Every structure is written in structure tokens, then in C-alpha cells.
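Student: Data file entry.pdb (PDB, C-alpha atoms) is appended below.
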```pdb
ATOM      1  CA  MET A  87     -22.889 -64.299  63.984
ATOM      2  CA  LYS A  88     -25.480 -61.532  63.552
ATOM      3  CA  LYS A  89     -27.456 -61.480  60.304
ATOM      4  CA  LEU A  90     -28.360 -58.419  58.243
ATOM      5  CA  GLY A  91     -31.823 -58.149  56.749
ATOM      6  CA  VAL A  92     -33.277 -55.596  54.381
ATOM      7  CA  SER A  93     -36.901 -54.490  54.469
ATOM      8  CA  MET A  94     -38.733 -52.793  51.598
ATOM      9  CA  ILE A  95     -42.243 -51.786  50.614
ATOM     10  CA  VAL A  96     -42.722 -51.318  46.888
ATOM     11  CA  LYS A  97     -45.266 -50.565  44.181
ATOM     12  CA  ASN A  98     -44.576 -50.187  40.465
ATOM     13  CA  GLU A  99     -40.811 -49.814  40.884
ATOM     14  CA  ALA A 100     -39.666 -51.822  37.848
ATOM     15  CA  ASP A 101     -37.635 -48.900  36.502
ATOM     16  CA  CYS A 102     -35.328 -48.706  39.535
ATOM     17  CA  ILE A 103     -35.741 -51.785  41.772
ATOM     18  CA  GLY A 104     -33.081 -53.845  39.985
ATOM     19  CA  ILE A 105     -30.316 -51.359  40.759
ATOM     20  CA  CYS A 106     -31.392 -51.208  44.396
ATOM     21  CA  LEU A 107     -31.585 -54.980  44.798
ATOM     22  CA  GLU A 108     -28.229 -55.458  43.112
ATOM     23  CA  SER A 109     -26.703 -53.116  45.708
ATOM     24  CA  ILE A 110     -28.097 -55.165  48.637
ATOM     25  CA  LYS A 111     -27.914 -58.660  47.181
ATOM     26  CA  ASP A 112     -25.327 -59.788  49.743
ATOM     27  CA  ALA A 113     -27.654 -59.193  52.708
ATOM     28  CA  ASP A 114     -28.582 -62.333  54.618
ATOM     29  CA  GLU A 115     -32.280 -61.647  54.101
ATOM     30  CA  ILE A 116     -34.368 -59.395  51.848
ATOM     31  CA  VAL A 117     -38.060 -58.978  52.667
ATOM     32  CA  ILE A 118     -40.304 -57.156  50.212
ATOM     33  CA  ILE A 119     -43.941 -56.191  50.638
ATOM     34  CA  ASP A 120     -45.522 -55.314  47.304
ATOM     35  CA  THR A 121     -48.571 -53.095  47.694
ATOM     36  CA  GLY A 122     -50.166 -53.737  44.318
ATOM     37  CA  SER A 123     -47.673 -53.394  41.476
ATOM     38  CA  GLU A 124     -49.069 -53.479  37.971
ATOM     39  CA  ASP A 125     -45.674 -53.716  36.258
ATOM     40  CA  ASN A 126     -43.000 -56.429  36.584
ATOM     41  CA  THR A 127     -41.695 -55.263  39.988
ATOM     42  CA  VAL A 128     -42.608 -58.570  41.654
ATOM     43  CA  GLU A 129     -40.842 -60.648  39.017
ATOM     44  CA  ILE A 130     -37.670 -58.574  39.362
ATOM     45  CA  CYS A 131     -37.775 -58.885  43.167
ATOM     46  CA  LYS A 132     -38.156 -62.665  42.968
ATOM     47  CA  ARG A 133     -34.784 -62.835  41.200
ATOM     48  CA  TYR A 134     -33.176 -61.649  44.448
ATOM     49  CA  THR A 135     -35.327 -63.158  47.217
ATOM     50  CA  ASP A 136     -38.092 -65.650  47.826
ATOM     51  CA  LYS A 137     -39.516 -63.385  50.537
ATOM     52  CA  VAL A 138     -41.712 -61.284  48.263
ATOM     53  CA  TYR A 139     -45.192 -60.852  49.699
ATOM     54  CA  THR A 140     -48.073 -59.720  47.514
ATOM     55  CA  ASP A 141     -50.921 -60.366  49.940
ATOM     56  CA  TYR A 142     -50.733 -57.002  51.703
ATOM     57  CA  LEU A 143     -53.702 -54.728  50.972
ATOM     58  CA  TRP A 144     -52.665 -51.078  50.916
ATOM     59  CA  GLN A 145     -54.360 -49.114  53.715
ATOM     60  CA  ASP A 146     -53.019 -45.656  52.744
ATOM     61  CA  ASP A 147     -50.598 -45.921  55.671
ATOM     62  CA  PHE A 148     -46.860 -46.220  55.064
ATOM     63  CA  ALA A 149     -46.167 -46.988  58.729
ATOM     64  CA  GLU A 150     -48.538 -49.950  58.684
ATOM     65  CA  ALA A 151     -46.958 -51.321  55.505
ATOM     66  CA  ARG A 152     -43.466 -50.793  56.932
ATOM     67  CA  ASN A 153     -44.405 -52.585  60.150
ATOM     68  CA  MET A 154     -45.760 -55.492  58.105
ATOM     69  CA  SER A 155     -42.458 -55.805  56.262
ATOM     70  CA  LEU A 156     -40.486 -55.623  59.504
ATOM     71  CA  SER A 157     -42.681 -58.280  61.101
ATOM     72  CA  ARG A 158     -41.690 -60.731  58.370
ATOM     73  CA  CYS A 159     -37.959 -60.185  58.882
ATOM     74  CA  GLU A 160     -35.966 -62.686  60.929
ATOM     75  CA  ALA A 161     -32.494 -61.087  60.820
ATOM     76  CA  ASP A 162     -30.806 -59.504  63.838
ATOM     77  CA  TRP A 163     -30.082 -56.165  62.150
ATOM     78  CA  LEU A 164     -32.462 -54.526  59.688
ATOM     79  CA  LEU A 165     -31.913 -51.948  56.977
ATOM     80  CA  ILE A 166     -34.944 -50.138  55.584
ATOM     81  CA  ILE A 167     -34.375 -48.925  52.039
ATOM     82  CA  ASP A 168     -36.552 -47.494  49.276
ATOM     83  CA  ALA A 169     -36.565 -48.939  45.784
ATOM     84  CA  ASP A 170     -35.012 -45.809  44.312
ATOM     85  CA  GLU A 171     -32.037 -45.897  46.685
ATOM     86  CA  GLN A 172     -28.770 -47.830  46.599
ATOM     87  CA  LEU A 173     -26.451 -49.065  49.320
TER      88      LEU A 173
END
```
Represent the structure of the file as C-alpha cells.

Tutor:
Amino acid sequence: MKKLGVSMIVKNEADCIGICLESIKDADEIVIIDTGSEDNTVEICKRYTDKVYTDYLWQDDFAEARNMSLSRCEADWLLIIDADEQL
């Protein structure tokens, strides 16, 4: 059976990330790259997945950050979603 993964890059999204994650919580895999949050974004994300990476250093390049998040996904199908969106 094919698995669905979700890929996100985030920074300081505490105000909206919970609603987004709640909408995708049934995915087989959620991978989050945090690019330097100074609020409780990381803590909220860790309630939904253990694949929260905080070691990425922002290079002012969304494509590079997105590719990093995709490289850490193992699922067959991937959904890219922003923290202020819902499924």
C-alpha cells in the first residue's frame, strides 16, 4: 500500500500551525523543517510528528529549504502544504 507524506517548512507559525497539523494528522508521515522559530512552533509540531528538524540554517532560498524537507520524506506520495493552509 502506498503511503502519504506531508512536507512543510515553517518559521514562527505558532498562531496557525495547530489547525494545519490537525487537518493532516492522518497522513502516514509528516516532515517539518523549522528555519529558526522563536515562538513555540517546534513544540506544537512535535505533538503531531517526531520528524521535526531544527538543524536547517536558512539560506534565503525557499527552494533549497523545500528540497531539504522533501529529502527527509520516505513516503510514496508527498503533499507540500504551508502552515497557514488546511487540507

Student: Using the chain letters and numbers from this file, what does the PyMOL selection byres ((chain A and resi 148) around 12) select? Give the answer as a list in words.

Tutor: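 Evaluating the PyMOL selection byres ((chain A and resi 148) around 12) on this file yields Met94, Ile95, Val96, Lys97, Ile119, Thr121, Tyr142, Leu143, Trp144, Gln145, Asp146, Asp147, Ala149, Glu150, Ala151, Arg152, Asn153, Met154, Ser155 and Asp168 of chain A.
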
Student: Name the residues that the PyMOL selection byres ((chain A and resi 129-140) around 9) pulls out of this structure, and write them as a PyMOL selection string.

Tutor: chain A and resi 100+103-104+107-108+111+115-123+125-128+141-143+155+158

Student: What is the CA of Glu99 in chain A-CA of Glu160 in chain A distance in Å, reported with one decimal?

Tutor: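 Rounded to one decimal, the two atoms are 24.3 Å apart.
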
Student: Hey, what's within 9 Å of Glu171 in chain A if we count all atoms listed in the file and toss same-chain stuff fewer than 2 positions away? As a list in words, please?

Tutor: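 Surrounding residues, per the criterion: Cys102, Ile103, Ile105, Cys106, Ile167, Asp168, Ala169 and Leu173 of chain A.
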
Student: With only C-alpha atoms as the counted atoms, please give the residues lying no more than 10 Å from Asp162 in chain A, apart from itself and same-chain residues fewer than 6 positions off, as an MDAnalysis selection string.

Tutor: chainID A and resid 87:91 114

Student: Show which residues sit within 6 Å of Val92 in chain A, as a PyMOL selection string. Count only C-alpha atoms, and ignore same-chain residues fewer than 4 positions away.

Tutor: chain A and resi 116+164-166

Student: Find the smallest box with edges along x, y and z containing every listed atom of range 109-126 of chain A, then add 8 Å on each side and report centre and edge lengths in Å to one decimal, as lines of an AutoDock Vina configuration file.

Tutor:
```
center_x = -37.7
center_y = -57.7
center_z = 45.4
size_x = 40.8
size_y = 25.2
size_z = 34.4
```
